[in-house]
>>> print(open('coords-v9.txt').read())   # compact mmCIF, N, CA, C and O atoms
# COMPACT_ATOMS: atom_id res chain seq x y z
N MET A 1 -1.81 -14.75 -14.24
CA MET A 1 -1.45 -13.38 -14.44
C MET A 1 -1.29 -12.71 -13.08
O MET A 1 -2.06 -12.97 -12.17
N THR A 2 -0.28 -11.86 -12.97
CA THR A 2 -0.06 -11.09 -11.74
C THR A 2 -0.42 -9.63 -12.00
O THR A 2 0.00 -9.05 -13.00
N VAL A 3 -1.18 -9.05 -11.08
CA VAL A 3 -1.57 -7.65 -11.17
C VAL A 3 -0.89 -6.92 -10.02
O VAL A 3 -0.94 -7.37 -8.87
N SER A 4 -0.26 -5.78 -10.33
CA SER A 4 0.36 -4.95 -9.30
C SER A 4 -0.63 -3.87 -8.89
O SER A 4 -1.16 -3.16 -9.73
N VAL A 5 -0.85 -3.76 -7.59
CA VAL A 5 -1.74 -2.74 -7.04
C VAL A 5 -0.87 -1.79 -6.23
O VAL A 5 -0.24 -2.19 -5.25
N ILE A 6 -0.83 -0.53 -6.66
CA ILE A 6 -0.01 0.47 -5.97
C ILE A 6 -0.96 1.37 -5.18
O ILE A 6 -1.88 1.95 -5.74
N ILE A 7 -0.73 1.43 -3.87
CA ILE A 7 -1.60 2.19 -2.98
C ILE A 7 -0.79 3.33 -2.38
O ILE A 7 0.00 3.12 -1.46
N PRO A 8 -0.97 4.56 -2.90
CA PRO A 8 -0.30 5.70 -2.28
C PRO A 8 -1.08 6.13 -1.04
O PRO A 8 -2.32 6.07 -1.02
N THR A 9 -0.38 6.55 -0.02
CA THR A 9 -1.06 6.99 1.20
C THR A 9 -0.24 8.07 1.90
O THR A 9 0.97 8.16 1.73
N TYR A 10 -0.94 8.88 2.65
CA TYR A 10 -0.31 9.91 3.46
C TYR A 10 -1.03 9.93 4.81
O TYR A 10 -1.92 10.74 5.05
N GLY A 11 -0.71 8.96 5.65
CA GLY A 11 -1.24 8.91 7.00
C GLY A 11 -2.74 8.66 7.11
O GLY A 11 -3.37 9.18 8.01
N ARG A 12 -3.31 7.88 6.23
CA ARG A 12 -4.74 7.59 6.34
C ARG A 12 -4.95 6.17 6.86
O ARG A 12 -4.49 5.21 6.27
N PRO A 13 -5.66 6.03 7.96
CA PRO A 13 -5.92 4.70 8.53
C PRO A 13 -6.71 3.79 7.60
O PRO A 13 -6.61 2.58 7.69
N SER A 14 -7.49 4.37 6.68
CA SER A 14 -8.28 3.55 5.77
C SER A 14 -7.41 2.78 4.77
O SER A 14 -7.93 1.95 4.02
N VAL A 15 -6.11 3.01 4.79
CA VAL A 15 -5.22 2.24 3.91
C VAL A 15 -5.33 0.75 4.22
O VAL A 15 -5.17 -0.08 3.35
N ARG A 16 -5.66 0.42 5.45
CA ARG A 16 -5.84 -0.98 5.84
C ARG A 16 -6.93 -1.64 4.99
O ARG A 16 -6.79 -2.77 4.55
N LEU A 17 -8.03 -0.92 4.76
CA LEU A 17 -9.12 -1.46 3.94
C LEU A 17 -8.68 -1.66 2.50
O LEU A 17 -9.04 -2.65 1.86
N ALA A 18 -7.92 -0.73 1.97
CA ALA A 18 -7.43 -0.85 0.59
C ALA A 18 -6.50 -2.05 0.45
O ALA A 18 -6.59 -2.80 -0.53
N ILE A 19 -5.61 -2.24 1.41
CA ILE A 19 -4.69 -3.38 1.38
C ILE A 19 -5.46 -4.69 1.46
O ILE A 19 -5.23 -5.62 0.68
N THR A 20 -6.39 -4.78 2.39
CA THR A 20 -7.18 -5.99 2.57
C THR A 20 -7.98 -6.31 1.31
O THR A 20 -8.03 -7.46 0.86
N SER A 21 -8.58 -5.30 0.72
CA SER A 21 -9.36 -5.50 -0.49
C SER A 21 -8.49 -6.03 -1.63
O SER A 21 -8.88 -6.95 -2.35
N ALA A 22 -7.32 -5.45 -1.80
CA ALA A 22 -6.41 -5.89 -2.86
C ALA A 22 -5.96 -7.33 -2.63
O ALA A 22 -5.93 -8.13 -3.56
N LEU A 23 -5.62 -7.68 -1.40
CA LEU A 23 -5.13 -9.02 -1.10
C LEU A 23 -6.21 -10.09 -1.20
O LEU A 23 -5.91 -11.26 -1.37
N ASN A 24 -7.47 -9.69 -1.10
CA ASN A 24 -8.57 -10.64 -1.15
C ASN A 24 -9.04 -10.96 -2.56
O ASN A 24 -10.00 -11.72 -2.73
N GLN A 25 -8.39 -10.42 -3.57
CA GLN A 25 -8.77 -10.74 -4.95
C GLN A 25 -8.48 -12.20 -5.23
O GLN A 25 -7.45 -12.73 -4.82
N THR A 26 -9.37 -12.86 -5.94
CA THR A 26 -9.21 -14.29 -6.18
C THR A 26 -9.01 -14.64 -7.65
O THR A 26 -8.55 -15.73 -7.96
N GLU A 27 -9.35 -13.77 -8.55
CA GLU A 27 -9.26 -14.08 -9.98
C GLU A 27 -7.84 -13.96 -10.54
O GLU A 27 -7.55 -14.52 -11.60
N VAL A 28 -6.98 -13.21 -9.87
CA VAL A 28 -5.60 -12.99 -10.33
C VAL A 28 -4.66 -13.02 -9.14
O VAL A 28 -5.07 -12.85 -7.99
N ASP A 29 -3.38 -13.25 -9.41
CA ASP A 29 -2.37 -13.09 -8.36
C ASP A 29 -2.13 -11.60 -8.20
O ASP A 29 -2.06 -10.86 -9.18
N VAL A 30 -1.98 -11.16 -6.97
CA VAL A 30 -1.85 -9.74 -6.69
C VAL A 30 -0.54 -9.46 -5.97
O VAL A 30 -0.18 -10.14 -5.02
N GLU A 31 0.16 -8.43 -6.46
CA GLU A 31 1.33 -7.88 -5.79
C GLU A 31 0.89 -6.51 -5.28
O GLU A 31 0.44 -5.67 -6.06
N VAL A 32 0.97 -6.28 -3.98
CA VAL A 32 0.54 -5.01 -3.40
C VAL A 32 1.76 -4.19 -2.98
O VAL A 32 2.64 -4.70 -2.28
N VAL A 33 1.78 -2.94 -3.43
CA VAL A 33 2.85 -2.01 -3.08
C VAL A 33 2.20 -0.81 -2.39
O VAL A 33 1.32 -0.17 -2.96
N VAL A 34 2.61 -0.53 -1.17
CA VAL A 34 2.12 0.63 -0.43
C VAL A 34 3.23 1.67 -0.41
O VAL A 34 4.35 1.38 0.03
N VAL A 35 2.92 2.87 -0.89
CA VAL A 35 3.88 3.97 -0.88
C VAL A 35 3.38 4.99 0.14
O VAL A 35 2.37 5.66 -0.09
N ASP A 36 4.07 5.09 1.25
CA ASP A 36 3.68 5.95 2.37
C ASP A 36 4.50 7.23 2.32
O ASP A 36 5.70 7.22 2.55
N SER A 37 3.84 8.35 2.02
CA SER A 37 4.54 9.64 1.92
C SER A 37 4.44 10.47 3.19
O SER A 37 4.74 11.65 3.19
N SER A 38 4.03 9.85 4.28
CA SER A 38 3.86 10.61 5.53
C SER A 38 5.19 10.97 6.18
O SER A 38 5.25 11.89 6.98
N GLY A 39 6.22 10.22 5.87
CA GLY A 39 7.53 10.47 6.48
C GLY A 39 7.65 9.91 7.89
O GLY A 39 8.71 9.93 8.48
N SER A 40 6.54 9.39 8.42
CA SER A 40 6.57 8.85 9.78
C SER A 40 6.40 7.33 9.82
O SER A 40 6.45 6.74 10.90
N GLY A 41 6.17 6.73 8.68
CA GLY A 41 5.97 5.28 8.65
C GLY A 41 4.63 4.85 9.19
O GLY A 41 4.46 3.71 9.60
N ALA A 42 3.66 5.75 9.19
CA ALA A 42 2.36 5.49 9.80
C ALA A 42 1.64 4.29 9.20
O ALA A 42 0.94 3.58 9.91
N ALA A 43 1.79 4.05 7.92
CA ALA A 43 1.05 2.97 7.27
C ALA A 43 1.71 1.61 7.41
O ALA A 43 1.10 0.60 7.11
N GLN A 44 2.94 1.58 7.87
CA GLN A 44 3.66 0.31 7.95
C GLN A 44 2.96 -0.70 8.85
O GLN A 44 2.97 -1.89 8.58
N LYS A 45 2.33 -0.23 9.90
CA LYS A 45 1.65 -1.16 10.81
C LYS A 45 0.45 -1.85 10.16
O LYS A 45 -0.01 -2.86 10.66
N TYR A 46 -0.03 -1.31 9.04
CA TYR A 46 -1.16 -1.92 8.34
C TYR A 46 -0.72 -2.84 7.21
O TYR A 46 -1.54 -3.52 6.60
N ALA A 47 0.57 -2.85 6.90
CA ALA A 47 1.08 -3.62 5.77
C ALA A 47 1.61 -4.97 6.25
O ALA A 47 2.63 -5.03 6.93
N PRO A 48 0.94 -6.07 5.88
CA PRO A 48 1.46 -7.39 6.24
C PRO A 48 2.79 -7.67 5.54
O PRO A 48 3.19 -6.94 4.63
N THR A 49 3.44 -8.73 5.92
CA THR A 49 4.77 -9.03 5.38
C THR A 49 4.77 -9.33 3.89
O THR A 49 5.80 -9.19 3.25
N ASP A 50 3.64 -9.74 3.33
CA ASP A 50 3.60 -10.04 1.90
C ASP A 50 3.30 -8.80 1.04
O ASP A 50 3.08 -8.91 -0.15
N VAL A 51 3.33 -7.62 1.65
CA VAL A 51 3.12 -6.36 0.95
C VAL A 51 4.45 -5.62 0.88
O VAL A 51 5.17 -5.53 1.88
N LEU A 52 4.77 -5.09 -0.30
CA LEU A 52 5.98 -4.28 -0.44
C LEU A 52 5.66 -2.89 0.09
O LEU A 52 4.75 -2.22 -0.39
N TYR A 53 6.38 -2.48 1.12
CA TYR A 53 6.14 -1.18 1.77
C TYR A 53 7.29 -0.25 1.44
O TYR A 53 8.46 -0.59 1.67
N ILE A 54 6.97 0.92 0.89
CA ILE A 54 7.98 1.92 0.55
C ILE A 54 7.64 3.19 1.31
O ILE A 54 6.51 3.70 1.22
N GLU A 55 8.61 3.71 2.04
CA GLU A 55 8.40 4.94 2.80
C GLU A 55 9.16 6.08 2.12
O GLU A 55 10.31 5.93 1.74
N SER A 56 8.47 7.20 1.97
CA SER A 56 9.07 8.38 1.37
C SER A 56 9.05 9.51 2.40
O SER A 56 8.07 9.69 3.11
N ASP A 57 10.13 10.26 2.45
CA ASP A 57 10.20 11.38 3.40
C ASP A 57 9.46 12.61 2.88
O ASP A 57 9.17 13.53 3.65
N THR A 58 9.19 12.66 1.60
CA THR A 58 8.50 13.81 1.02
C THR A 58 7.25 13.32 0.29
O THR A 58 7.23 12.25 -0.28
N PRO A 59 6.19 14.13 0.34
CA PRO A 59 4.97 13.74 -0.36
C PRO A 59 5.21 13.56 -1.86
O PRO A 59 5.93 14.34 -2.49
N GLN A 60 4.64 12.50 -2.40
CA GLN A 60 4.76 12.19 -3.82
C GLN A 60 3.38 12.08 -4.43
O GLN A 60 2.45 11.61 -3.78
N SER A 61 3.26 12.47 -5.67
CA SER A 61 2.00 12.24 -6.36
C SER A 61 2.10 10.87 -7.03
O SER A 61 3.19 10.37 -7.26
N PRO A 62 0.97 10.26 -7.37
CA PRO A 62 1.02 8.94 -8.01
C PRO A 62 1.81 8.93 -9.31
O PRO A 62 2.33 7.91 -9.70
N GLY A 63 1.91 10.06 -9.99
CA GLY A 63 2.61 10.11 -11.26
C GLY A 63 4.11 10.27 -11.14
O GLY A 63 4.82 10.28 -12.13
N MET A 64 4.65 10.40 -9.93
CA MET A 64 6.08 10.65 -9.78
C MET A 64 6.86 9.37 -9.64
O MET A 64 6.59 8.44 -9.10
>>> encode(input="coords-v9.txt", output="structure tokens")
Amino acid sequence: MTVSVIIPTYGRPSVRLAITSALNQTEVDVEVVVVDSSGSGAAQKYAPTDVLYIESDTPQSPGM
């Protein structure tokens, strides 16, 4: 089974911990998606190549 983990962020360095925690899961296959609403790409440096990184120019809520 594959589980998708969506991590919204707005310029928080602790996103690295969330990504690492999600990728370290062993009971299921994990797909990690980071949605960075900072407009500056600040979180991209914390996203390894196996993480889907989406950058938004405007802040988004998780429900959008």
>>> select_by_dssp(input="coords-v9.txt", residues="chain A", states="alpha helix (DSSP H)", output="count of residues only")
9
>>> axis_aligned_box(input="coords-v9.txt", around="segment 8-24 of chain A", padding_each_side="5 Å", output="JSON")
{"center_x": -4.5, "center_y": -0.5, "center_z": 2.5, "size_x": 21.0, "size_y": 32.5, "size_z": 22.1}
>>> select_by_dssp(input="coords-v9.txt", residues="chain A", states="strand (DSSP E)", output="NGL selection string")
:A and (2-9 or 29-36 or 52-55)
>>> atom_distance(input="coords-v9.txt", atom1="atom CA of Met1 of chain A", atom2="atom CA of Ser14 of chain A")
27.2 Å
>>> residues_around(input="coords-v9.txt", residues="Leu52 of chain A", least_positions_apart="2", cutoff="4.5 Å", atoms="only N, CA, C and O atoms", output="list in words")
Val32, Val33, Val34, Asp50 and Ile54 of chain A
>>> atom_distance(input="coords-v9.txt", atom1="atom C of Ile19 of chain A", atom2="atom C of Thr49 of chain A")
11.5 Å
>>> atom_distance(input="coords-v9.txt", atom1="atom O of Val3 of chain A", atom2="atom N of Val30 of chain A")
4.4 Å
>>> closest_residue(input="coords-v9.txt", among="A:Arg16, A:Gly11, A:Val5, A:Thr26", to="Gly41 of chain A", atoms="all atoms listed in the file")
A:Gly11
>>> build_atoms(input="coords-v9.txt", residues="segment 27-38 of chain A", atoms="all heavy atoms", output="PDB file, keeping the file's coordinate frame")
ATOM      1  N   GLU A  27      -9.350 -13.770  -8.550  1.00  0.00           N
ATOM      2  CA  GLU A  27      -9.260 -14.080  -9.980  1.00  0.00           C
ATOM      3  C   GLU A  27      -7.840 -13.960 -10.540  1.00  0.00           C
ATOM      4  O   GLU A  27      -7.550 -14.520 -11.600  1.00  0.00           O
ATOM      5  CB  GLU A  27     -10.202 -13.172 -10.783  1.00  0.00           C
ATOM      6  CG  GLU A  27     -11.662 -13.350 -10.419  1.00  0.00           C
ATOM      7  CD  GLU A  27     -12.181 -14.754 -10.731  1.00  0.00           C
ATOM      8  OE1 GLU A  27     -11.855 -15.288 -11.802  1.00  0.00           O
ATOM      9  OE2 GLU A  27     -12.907 -15.307  -9.890  1.00  0.00           O
ATOM     10  N   VAL A  28      -6.980 -13.210  -9.870  1.00  0.00           N
ATOM     11  CA  VAL A  28      -5.600 -12.990 -10.330  1.00  0.00           C
ATOM     12  C   VAL A  28      -4.660 -13.020  -9.140  1.00  0.00           C
ATOM     13  O   VAL A  28      -5.070 -12.850  -7.990  1.00  0.00           O
ATOM     14  CB  VAL A  28      -5.453 -11.624 -11.050  1.00  0.00           C
ATOM     15  CG1 VAL A  28      -6.226 -11.593 -12.346  1.00  0.00           C
ATOM     16  CG2 VAL A  28      -5.862 -10.483 -10.149  1.00  0.00           C
ATOM     17  N   ASP A  29      -3.380 -13.250  -9.410  1.00  0.00           N
ATOM     18  CA  ASP A  29      -2.370 -13.090  -8.360  1.00  0.00           C
ATOM     19  C   ASP A  29      -2.130 -11.600  -8.200  1.00  0.00           C
ATOM     20  O   ASP A  29      -2.060 -10.860  -9.180  1.00  0.00           O
ATOM     21  CB  ASP A  29      -1.068 -13.783  -8.777  1.00  0.00           C
ATOM     22  CG  ASP A  29      -1.205 -15.293  -8.810  1.00  0.00           C
ATOM     23  OD1 ASP A  29      -1.967 -15.831  -7.987  1.00  0.00           O
ATOM     24  OD2 ASP A  29      -0.553 -15.924  -9.658  1.00  0.00           O
ATOM     25  N   VAL A  30      -1.980 -11.160  -6.970  1.00  0.00           N
ATOM     26  CA  VAL A  30      -1.850  -9.740  -6.690  1.00  0.00           C
ATOM     27  C   VAL A  30      -0.540  -9.460  -5.970  1.00  0.00           C
ATOM     28  O   VAL A  30      -0.180 -10.140  -5.020  1.00  0.00           O
ATOM     29  CB  VAL A  30      -3.034  -9.237  -5.828  1.00  0.00           C
ATOM     30  CG1 VAL A  30      -2.875  -7.780  -5.479  1.00  0.00           C
ATOM     31  CG2 VAL A  30      -4.350  -9.462  -6.551  1.00  0.00           C
ATOM     32  N   GLU A  31       0.160  -8.430  -6.460  1.00  0.00           N
ATOM     33  CA  GLU A  31       1.330  -7.880  -5.790  1.00  0.00           C
ATOM     34  C   GLU A  31       0.890  -6.510  -5.280  1.00  0.00           C
ATOM     35  O   GLU A  31       0.440  -5.670  -6.060  1.00  0.00           O
ATOM     36  CB  GLU A  31       2.475  -7.725  -6.780  1.00  0.00           C
ATOM     37  CG  GLU A  31       3.618  -6.895  -6.246  1.00  0.00           C
ATOM     38  CD  GLU A  31       4.590  -6.482  -7.325  1.00  0.00           C
ATOM     39  OE1 GLU A  31       4.148  -6.007  -8.389  1.00  0.00           O
ATOM     40  OE2 GLU A  31       5.793  -6.615  -7.089  1.00  0.00           O
ATOM     41  N   VAL A  32       0.970  -6.280  -3.980  1.00  0.00           N
ATOM     42  CA  VAL A  32       0.540  -5.010  -3.400  1.00  0.00           C
ATOM     43  C   VAL A  32       1.760  -4.190  -2.980  1.00  0.00           C
ATOM     44  O   VAL A  32       2.640  -4.700  -2.280  1.00  0.00           O
ATOM     45  CB  VAL A  32      -0.404  -5.231  -2.192  1.00  0.00           C
ATOM     46  CG1 VAL A  32      -0.798  -3.911  -1.567  1.00  0.00           C
ATOM     47  CG2 VAL A  32      -1.634  -6.015  -2.612  1.00  0.00           C
ATOM     48  N   VAL A  33       1.780  -2.940  -3.430  1.00  0.00           N
ATOM     49  CA  VAL A  33       2.850  -2.010  -3.080  1.00  0.00           C
ATOM     50  C   VAL A  33       2.200  -0.810  -2.390  1.00  0.00           C
ATOM     51  O   VAL A  33       1.320  -0.170  -2.960  1.00  0.00           O
ATOM     52  CB  VAL A  33       3.612  -1.528  -4.340  1.00  0.00           C
ATOM     53  CG1 VAL A  33       4.706  -0.545  -3.959  1.00  0.00           C
ATOM     54  CG2 VAL A  33       4.166  -2.708  -5.121  1.00  0.00           C
ATOM     55  N   VAL A  34       2.610  -0.530  -1.170  1.00  0.00           N
ATOM     56  CA  VAL A  34       2.120   0.630  -0.430  1.00  0.00           C
ATOM     57  C   VAL A  34       3.230   1.670  -0.410  1.00  0.00           C
ATOM     58  O   VAL A  34       4.350   1.380   0.030  1.00  0.00           O
ATOM     59  CB  VAL A  34       1.712   0.254   1.014  1.00  0.00           C
ATOM     60  CG1 VAL A  34       1.333   1.495   1.806  1.00  0.00           C
ATOM     61  CG2 VAL A  34       0.572  -0.745   1.002  1.00  0.00           C
ATOM     62  N   VAL A  35       2.920   2.870  -0.890  1.00  0.00           N
ATOM     63  CA  VAL A  35       3.880   3.970  -0.880  1.00  0.00           C
ATOM     64  C   VAL A  35       3.380   4.990   0.140  1.00  0.00           C
ATOM     65  O   VAL A  35       2.370   5.660  -0.090  1.00  0.00           O
ATOM     66  CB  VAL A  35       4.043   4.613  -2.275  1.00  0.00           C
ATOM     67  CG1 VAL A  35       5.067   5.746  -2.210  1.00  0.00           C
ATOM     68  CG2 VAL A  35       4.443   3.572  -3.300  1.00  0.00           C
ATOM     69  N   ASP A  36       4.070   5.090   1.250  1.00  0.00           N
ATOM     70  CA  ASP A  36       3.680   5.950   2.370  1.00  0.00           C
ATOM     71  C   ASP A  36       4.500   7.230   2.320  1.00  0.00           C
ATOM     72  O   ASP A  36       5.700   7.220   2.550  1.00  0.00           O
ATOM     73  CB  ASP A  36       3.912   5.208   3.679  1.00  0.00           C
ATOM     74  CG  ASP A  36       3.465   5.987   4.901  1.00  0.00           C
ATOM     75  OD1 ASP A  36       2.987   7.131   4.753  1.00  0.00           O
ATOM     76  OD2 ASP A  36       3.603   5.442   6.005  1.00  0.00           O
ATOM     77  N   SER A  37       3.840   8.350   2.020  1.00  0.00           N
ATOM     78  CA  SER A  37       4.540   9.640   1.920  1.00  0.00           C
ATOM     79  C   SER A  37       4.440  10.470   3.190  1.00  0.00           C
ATOM     80  O   SER A  37       4.740  11.650   3.190  1.00  0.00           O
ATOM     81  CB  SER A  37       3.947  10.451   0.752  1.00  0.00           C
ATOM     82  OG  SER A  37       4.187   9.806  -0.464  1.00  0.00           O
ATOM     83  N   SER A  38       4.030   9.850   4.280  1.00  0.00           N
ATOM     84  CA  SER A  38       3.860  10.610   5.530  1.00  0.00           C
ATOM     85  C   SER A  38       5.190  10.970   6.180  1.00  0.00           C
ATOM     86  O   SER A  38       5.250  11.890   6.980  1.00  0.00           O
ATOM     87  CB  SER A  38       3.010   9.807   6.520  1.00  0.00           C
ATOM     88  OG  SER A  38       3.730   8.679   6.978  1.00  0.00           O
TER      89      SER A  38
END
